[in-house]
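Text of the file upload-v2.cif, holding mmCIF, C-alpha atoms:
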data_my_file
#
loop_
_atom_site.label_atom_id
_atom_site.label_comp_id
_atom_site.auth_asym_id
_atom_site.auth_seq_id
_atom_site.Cartn_x
_atom_site.Cartn_y
_atom_site.Cartn_z
CA MET A 1 46.16 -32.64 10.33
CA GLN A 2 46.65 -31.30 13.84
CA PRO A 3 44.98 -28.03 14.86
CA ILE A 4 47.19 -24.96 14.93
CA LEU A 5 47.70 -23.74 18.48
CA SER A 6 47.54 -20.04 19.27
CA ILE A 7 50.62 -18.49 20.87
CA GLY A 8 48.65 -18.03 24.10
CA LEU A 9 47.65 -21.67 24.20
CA GLN A 10 51.20 -22.82 23.38
CA GLU A 11 52.62 -20.65 26.16
CA SER A 12 50.07 -21.65 28.76
CA THR A 13 50.52 -25.35 27.91
CA GLN A 14 54.27 -24.99 28.26
CA SER A 15 53.86 -23.15 31.55
CA LEU A 16 51.52 -25.86 32.88
CA ILE A 17 54.04 -28.56 31.89
CA GLU A 18 56.92 -26.69 33.54
CA ASN A 19 54.95 -26.14 36.74
CA LEU A 20 53.81 -29.75 36.85
CA LEU A 21 57.39 -30.96 36.41
CA ALA A 22 58.54 -28.57 39.13
CA SER A 23 55.91 -29.77 41.59
CA GLU A 24 56.99 -31.91 44.53
CA ALA A 25 54.99 -34.88 43.25
CA PHE A 26 56.58 -34.90 39.80
CA THR A 27 60.06 -34.08 41.08
CA ARG A 28 59.83 -37.09 43.36
CA TYR A 29 58.39 -39.24 40.57
CA GLY A 30 61.18 -38.18 38.19
CA GLN A 31 63.86 -39.00 40.74
CA ALA A 32 62.23 -42.33 41.54
CA GLY A 33 62.26 -43.14 37.81
CA VAL A 34 65.98 -42.34 37.58
CA CYS A 35 66.71 -44.56 40.60
CA LEU A 36 64.64 -47.36 39.10
CA ASN A 37 66.45 -47.12 35.77
CA GLN A 38 69.81 -47.29 37.53
CA ASP A 39 68.90 -50.40 39.49
CA SER A 40 68.78 -53.34 37.12
CA GLU A 41 67.53 -55.75 39.79
CA ALA A 42 64.54 -53.54 40.65
CA ARG A 43 63.84 -52.85 36.99
CA THR A 44 63.90 -56.55 36.08
CA LEU A 45 61.68 -57.41 39.03
CA LEU A 46 59.13 -54.75 38.04
CA GLU A 47 59.17 -55.90 34.42
CA ARG A 48 58.61 -59.51 35.51
CA LEU A 49 55.78 -58.42 37.80
CA ASN A 50 54.08 -56.39 35.06
CA HIS A 51 54.47 -59.26 32.61
CA SER A 52 53.14 -61.80 35.09
CA GLN A 53 50.13 -59.59 35.97
CA ALA A 54 49.25 -59.04 32.31
CA ASN A 55 49.64 -62.74 31.59
CA LEU A 56 47.42 -63.74 34.50
CA ARG A 57 44.75 -61.16 33.62
CA GLN A 58 44.60 -62.65 30.15
CA LYS A 59 44.32 -66.18 31.52
CA GLN A 60 41.71 -65.07 34.07
CA ALA A 61 39.56 -63.74 31.21
CA SER A 62 39.86 -66.99 29.29
CA GLY A 63 39.50 -69.19 32.40
CA GLY A 64 42.90 -70.84 32.05
CA MET A 65 44.52 -69.68 35.31
CA ASN A 66 46.26 -72.19 37.59
CA GLN A 67 47.33 -72.04 41.25
CA ALA A 68 51.07 -72.25 40.51
CA GLU A 69 50.87 -69.09 38.40
CA VAL A 70 48.89 -67.26 41.11
CA ASP A 71 51.49 -68.30 43.71
CA SER A 72 54.30 -67.15 41.44
CA LEU A 73 52.63 -63.75 41.02
CA ARG A 74 52.15 -63.43 44.80
CA LEU A 75 55.82 -64.14 45.31
CA LEU A 76 56.80 -61.46 42.80
CA GLN A 77 54.41 -58.99 44.47
CA GLN A 78 55.95 -59.71 47.87
CA ARG A 79 59.46 -59.24 46.50
CA ALA A 80 58.43 -55.96 44.87
CA GLN A 81 56.84 -54.74 48.11
CA ARG A 82 60.11 -55.38 49.93
CA ASN A 83 62.12 -53.46 47.33
CA PRO A 84 62.50 -49.79 48.44
CA ILE A 85 63.33 -48.56 44.92
CA ILE A 86 60.15 -50.07 43.47
CA MET A 87 58.00 -48.93 46.38
CA GLU A 88 59.28 -45.36 46.09
CA TYR A 89 58.57 -45.44 42.34
CA VAL A 90 55.03 -46.78 42.82
CA GLN A 91 54.20 -44.38 45.66
CA SER A 92 55.57 -41.36 43.83
CA GLN A 93 53.65 -42.34 40.69
CA THR A 94 50.44 -42.53 42.74
CA GLU A 95 51.09 -39.02 44.07
CA ALA A 96 51.85 -37.68 40.58
CA ILE A 97 48.59 -39.20 39.28
CA SER A 98 46.71 -37.68 42.18
CA LEU A 99 48.10 -34.23 41.32
CA LEU A 100 47.19 -34.68 37.64
CA ARG A 101 43.61 -35.48 38.70
CA GLU A 102 43.47 -32.35 40.84
CA ILE A 103 44.75 -30.30 37.92
CA ASP A 104 42.24 -31.89 35.56
CA GLY A 105 39.47 -31.03 38.02
CA GLU A 106 40.64 -27.41 37.98
CA ILE A 107 40.70 -27.27 34.17
CA SER A 108 37.40 -29.12 33.71
CA GLY A 109 35.66 -27.00 36.35
CA LEU A 110 36.57 -23.80 34.55
CA LEU A 111 35.69 -25.07 31.07
CA GLY A 112 32.49 -26.88 32.02
CA ILE A 113 33.60 -30.01 30.13
CA ASN A 114 35.56 -33.08 31.21
CA PHE A 115 38.92 -32.14 29.72
CA ALA A 116 40.48 -35.60 30.22
CA SER A 117 37.58 -37.25 28.34
CA PHE A 118 38.02 -34.84 25.44
CA ALA A 119 41.79 -35.44 25.51
CA ASN A 120 41.32 -39.20 25.39
CA HIS A 121 41.96 -41.00 22.11
CA SER A 122 38.95 -43.26 21.96
CA THR A 123 39.87 -46.73 20.75
CA CYS A 124 36.59 -48.60 20.99
CA MET B 125 67.74 -38.80 50.94
CA ASN B 126 64.93 -37.02 49.13
CA ASP B 127 64.97 -34.01 51.46
CA LEU B 128 68.61 -33.38 50.60
CA VAL B 129 67.89 -33.57 46.90
CA TYR B 130 64.85 -31.27 47.20
CA ASP B 131 67.00 -28.60 48.88
CA ASN B 132 68.65 -27.94 45.51
CA ILE B 133 65.45 -27.91 43.47
CA GLU B 134 62.91 -25.13 43.15
CA ILE B 135 59.60 -26.77 43.94
CA ALA B 136 56.36 -25.33 42.54
CA PRO B 137 53.66 -25.35 45.24
CA VAL B 138 50.39 -27.04 44.29
CA GLU B 139 48.60 -23.66 44.28
CA VAL B 140 51.05 -22.38 41.67
CA VAL B 141 50.48 -25.47 39.50
CA LYS B 142 46.71 -24.93 39.85
CA CYS B 143 47.14 -21.31 38.82
CA ALA B 144 48.98 -22.49 35.68
CA ALA B 145 46.12 -24.93 35.06
CA ARG B 146 43.59 -22.09 35.28
CA ASP B 147 45.64 -20.01 32.79
CA PHE B 148 45.73 -23.03 30.50
CA ALA B 149 41.93 -23.43 30.78
CA SER B 150 41.44 -19.72 30.02
CA ALA B 151 43.61 -19.98 26.91
CA LEU B 152 41.73 -23.08 25.78
CA ALA B 153 38.40 -21.30 26.37
CA GLU B 154 39.60 -18.60 23.98
CA SER B 155 40.28 -21.07 21.17
CA PRO B 156 37.95 -21.01 18.12
CA GLN B 157 37.25 -24.72 18.67
CA PHE B 158 35.98 -24.18 22.22
CA LYS B 159 33.91 -21.12 21.29
CA THR B 160 32.34 -22.95 18.35
CA PHE B 161 31.58 -25.93 20.59
CA GLU B 162 29.89 -23.75 23.18
CA GLN B 163 27.79 -22.01 20.54
CA ALA B 164 26.83 -25.32 18.95
CA ALA B 165 25.91 -26.79 22.35
CA ASP B 166 23.73 -23.73 23.11
CA ARG B 167 21.95 -23.96 19.76
CA PHE B 168 21.40 -27.66 20.22
CA ARG B 169 19.91 -27.11 23.70
CA GLN B 170 17.59 -24.40 22.37
CA ASP B 171 16.43 -26.22 19.26
CA GLU B 172 13.09 -27.84 20.14
CA THR B 173 12.97 -30.07 17.05
CA ALA B 174 16.42 -31.48 17.82
CA GLN B 175 15.55 -31.96 21.49
CA HIS B 176 12.34 -33.81 20.57
CA ALA B 177 14.22 -35.98 18.08
CA MET B 178 16.79 -36.83 20.75
CA GLN B 179 14.09 -37.57 23.31
CA ALA B 180 12.17 -39.81 20.90
CA TYR B 181 15.32 -41.78 20.09
CA GLN B 182 16.40 -42.09 23.72
CA GLU B 183 12.93 -43.18 24.87
CA LYS B 184 12.72 -45.86 22.19
CA GLN B 185 16.26 -47.01 22.99
CA GLN B 186 15.36 -47.20 26.68
CA SER B 187 12.19 -49.18 26.00
CA LEU B 188 14.19 -51.68 23.92
CA ARG B 189 17.16 -51.79 26.28
CA ALA B 190 16.79 -55.43 27.34
CA LEU B 191 16.37 -56.62 23.75
CA LEU B 192 19.30 -54.46 22.62
CA MET B 193 21.55 -56.02 25.26
CA LEU B 194 20.56 -59.46 24.01
CA ASN B 195 20.92 -58.35 20.40
CA ALA B 196 17.38 -59.63 19.94
CA LEU B 197 15.54 -56.81 18.10
CA ASN B 198 13.16 -57.90 15.40
CA GLU B 199 13.32 -56.27 11.97
CA GLU B 200 10.48 -53.82 12.69
CA GLN B 201 12.04 -52.66 15.97
CA ARG B 202 15.48 -52.32 14.37
CA VAL B 203 14.13 -50.25 11.47
CA GLU B 204 12.16 -47.99 13.83
CA LEU B 205 15.17 -47.41 16.12
CA GLU B 206 17.49 -46.72 13.20
CA GLY B 207 14.95 -44.31 11.74
CA LEU B 208 14.71 -42.37 15.01
CA HIS B 209 18.51 -42.32 15.28
CA ARG B 210 18.85 -40.99 11.73
CA ALA B 211 16.15 -38.38 12.36
CA PHE B 212 18.13 -37.24 15.41
CA ILE B 213 21.65 -37.13 14.00
CA ASN B 214 20.53 -35.54 10.72
CA GLN B 215 19.16 -32.45 12.46
CA PRO B 216 21.38 -29.57 11.27
CA VAL B 217 22.11 -28.35 14.82
CA VAL B 218 23.00 -31.87 15.91
CA ARG B 219 25.39 -32.34 13.01
CA LYS B 220 27.03 -29.00 13.83
CA TYR B 221 27.22 -29.97 17.50
CA PHE B 222 28.92 -33.29 16.76
CA GLN B 223 31.32 -31.65 14.32
CA ALA B 224 32.23 -28.99 16.91
CA GLN B 225 32.68 -31.71 19.53
CA THR B 226 35.02 -33.62 17.20
CA ASP B 227 37.05 -30.48 16.45
CA LEU B 228 37.36 -29.63 20.14
CA ALA B 229 38.31 -33.22 20.98
CA ARG B 230 41.08 -33.09 18.35
CA LEU B 231 42.49 -29.95 19.96
CA CYS B 232 42.21 -31.40 23.48
CA GLN B 233 43.87 -34.63 22.32
CA GLN B 234 46.79 -32.64 20.92
CA LEU B 235 47.16 -30.78 24.21
CA GLY B 236 46.72 -33.96 26.24
CA ASP B 237 49.43 -35.64 24.15
CA MET B 238 51.81 -32.75 24.81
CA LEU B 239 51.14 -33.02 28.55
CA SER B 240 51.49 -36.82 28.53
CA GLU B 241 54.73 -36.77 26.60
CA CYS B 242 56.35 -34.20 28.86
CA VAL B 243 55.23 -35.50 32.25
CA GLY B 244 55.73 -39.18 31.42
CA LEU B 245 52.20 -40.29 32.26
CA ASN B 246 49.19 -40.77 29.98
CA TYR B 247 47.07 -37.77 30.97
CA ALA B 248 43.64 -39.21 30.14
CA ALA B 249 44.38 -42.63 31.60
CA ALA B 250 45.87 -41.07 34.75
CA CYS B 251 42.68 -39.04 35.15
CA GLY B 252 40.65 -42.24 35.08
CA VAL B 253 39.34 -42.09 31.54
CA SER B 254 39.11 -45.49 29.82
CA CYS B 255 39.04 -46.12 26.08
CA CYS B 256 35.23 -45.73 26.19
CA GLY B 257 35.48 -42.32 27.86
#
Take the structure I supplied and represent it as structure tokens, if you would.
Amino acid sequence: MQPILSIGLQESTQSLIENLLASEAFTRYGQAGVCLNQDSEARTLLERLNHSQANLRQKQASGGMNQAEVDSLRLLQQRAQRNPIIMEYVQSQTEAISLLREIDGEISGLLGINFASFANHSTC
Amino acid sequence: MNDLVYDNIEIAPVEVVKCAARDFASALAESPQFKTFEQAADRFRQDETAQHAMQAYQEKQQSLRALLMLNALNEEQRVELEGLHRAFINQPVVRKYFQAQTDLARLCQQLGDMLSECVGLNYAAACGVSCCG
């Protein structure tokens, strides 16, 4: 059963979410996501890149990687780097993550605990 | 293109977002889970028996580190290490501390999930926390 949140905690969480979403970093990230979703070519390319990276990581761990697959991944990476929609999405995501880290530092500093570690669902 | 779009959107400056984060931290600090955790952590720090039990376990673990990594403890070493671990975690203040930590983690996870869901990024992962913490 989930803990019951006090009204104050509910309100301050909501306010933090609203302010995060209204920040320049998240506004840009949100818009980049919309543009990406509207561009099927960029979306497909990013999906192929993610799939190829995951596949190669798996093969790297098991020692079954071959040069043709590495070359294919490099080609996809180069295509993605030339795609302005993907690059805007990736760059804006990096900025949004950077802001989240700043915010986490603020929260953790005040509480004296690492908030993100406590918020993490441990799976191992 | 983005500048034109931003003209129609009210942007929250980073300092305002940080202020909201501080309010959030203050509200979390007022939660029973956080207060109980702080009290339990204080009691644990001040309890000499618990501190000695922790030290004894950690020192033994450290001395057996290489063997532990190789999974090569003999029966006597394994029994001794397990005994020290049990003696540590069965201290009443340690049990209370771990319980308080679990309760606080559950609350933080709920809040982290709310943040993740709304901002579209996994909060803990974005902040560099892996599955092992």
- Once you count all atoms listed in the file, which residues of chain A turn out to be within 7 Å of chain B? Could you give them as a ChimeraX atom specification? /A:3,8-9,12-13,15-17,19-24,97,100-101,103,106-107,110-111,116-124
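CA of Glu47 in chain A is positioned 18.3 Å from CA of Lys59 in chain A.
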- Query: Using the chain letters and numbers from the file, which residues does the PyMOL selection byres ((chain A and resi 49) around 10) grab, as a list of chain:residue names?
  - Reply: A:Arg43, A:Thr44, A:Leu45, A:Leu46, A:Glu47, A:Arg48, A:Asn50, A:His51, A:Ser52, A:Gln53, A:Ala54, A:Asn55, A:Ser72, A:Leu73, A:Arg74, A:Leu75, A:Leu76, A:Gln77, A:Arg79, A:Ala80
Take the residues just selected and output them with C-alpha atoms as a PDB file, keeping the file's coordinate frame.
ATOM      1  CA  ARG A  43      63.840 -52.850  36.990  1.00  0.00           C
ATOM      2  CA  THR A  44      63.900 -56.550  36.080  1.00  0.00           C
ATOM      3  CA  LEU A  45      61.680 -57.410  39.030  1.00  0.00           C
ATOM      4  CA  LEU A  46      59.130 -54.750  38.040  1.00  0.00           C
ATOM      5  CA  GLU A  47      59.170 -55.900  34.420  1.00  0.00           C
ATOM      6  CA  ARG A  48      58.610 -59.510  35.510  1.00  0.00           C
ATOM      7  CA  ASN A  50      54.080 -56.390  35.060  1.00  0.00           C
ATOM      8  CA  HIS A  51      54.470 -59.260  32.610  1.00  0.00           C
ATOM      9  CA  SER A  52      53.140 -61.800  35.090  1.00  0.00           C
ATOM     10  CA  GLN A  53      50.130 -59.590  35.970  1.00  0.00           C
ATOM     11  CA  ALA A  54      49.250 -59.040  32.310  1.00  0.00           C
ATOM     12  CA  ASN A  55      49.640 -62.740  31.590  1.00  0.00           C
ATOM     13  CA  SER A  72      54.300 -67.150  41.440  1.00  0.00           C
ATOM     14  CA  LEU A  73      52.630 -63.750  41.020  1.00  0.00           C
ATOM     15  CA  ARG A  74      52.150 -63.430  44.800  1.00  0.00           C
ATOM     16  CA  LEU A  75      55.820 -64.140  45.310  1.00  0.00           C
ATOM     17  CA  LEU A  76      56.800 -61.460  42.800  1.00  0.00           C
ATOM     18  CA  GLN A  77      54.410 -58.990  44.470  1.00  0.00           C
ATOM     19  CA  ARG A  79      59.460 -59.240  46.500  1.00  0.00           C
ATOM     20  CA  ALA A  80      58.430 -55.960  44.870  1.00  0.00           C
TER      21      ALA A  80
END
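CA of Arg189 in chain B sits 27.4 Å away from CA of Gln223 in chain B.
Distances to Tyr89 in chain A were evaluated for A:Thr27, A:Gly109, A:Ala61, A:Phe115 using only C-alpha atoms, and the minimum falls at A:Thr27.
Between CA of Ala164 in chain B and CA of Phe212 in chain B the separation is 15.2 Å.
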List the residues sitting within 10 Å of (61.7, -48.9, 39.9) in the file's frame, using all atoms listed in the file, as a tab-separated table (two decimals) with C-alpha atoms, in the coordinates of the input.
chain	number	residue	atom	x	y	z
A	32	ALA	CA	62.23	-42.33	41.54
A	33	GLY	CA	62.26	-43.14	37.81
A	34	VAL	CA	65.98	-42.34	37.58
A	35	CYS	CA	66.71	-44.56	40.60
A	36	LEU	CA	64.64	-47.36	39.10
A	37	ASN	CA	66.45	-47.12	35.77
A	38	GLN	CA	69.81	-47.29	37.53
A	39	ASP	CA	68.90	-50.40	39.49
A	40	SER	CA	68.78	-53.34	37.12
A	41	GLU	CA	67.53	-55.75	39.79
A	42	ALA	CA	64.54	-53.54	40.65
A	43	ARG	CA	63.84	-52.85	36.99
A	44	THR	CA	63.90	-56.55	36.08
A	45	LEU	CA	61.68	-57.41	39.03
A	46	LEU	CA	59.13	-54.75	38.04
A	47	GLU	CA	59.17	-55.90	34.42
A	80	ALA	CA	58.43	-55.96	44.87
A	83	ASN	CA	62.12	-53.46	47.33
A	84	PRO	CA	62.50	-49.79	48.44
A	85	ILE	CA	63.33	-48.56	44.92
A	86	ILE	CA	60.15	-50.07	43.47
A	87	MET	CA	58.00	-48.93	46.38
A	88	GLU	CA	59.28	-45.36	46.09
A	89	TYR	CA	58.57	-45.44	42.34
A	90	VAL	CA	55.03	-46.78	42.82
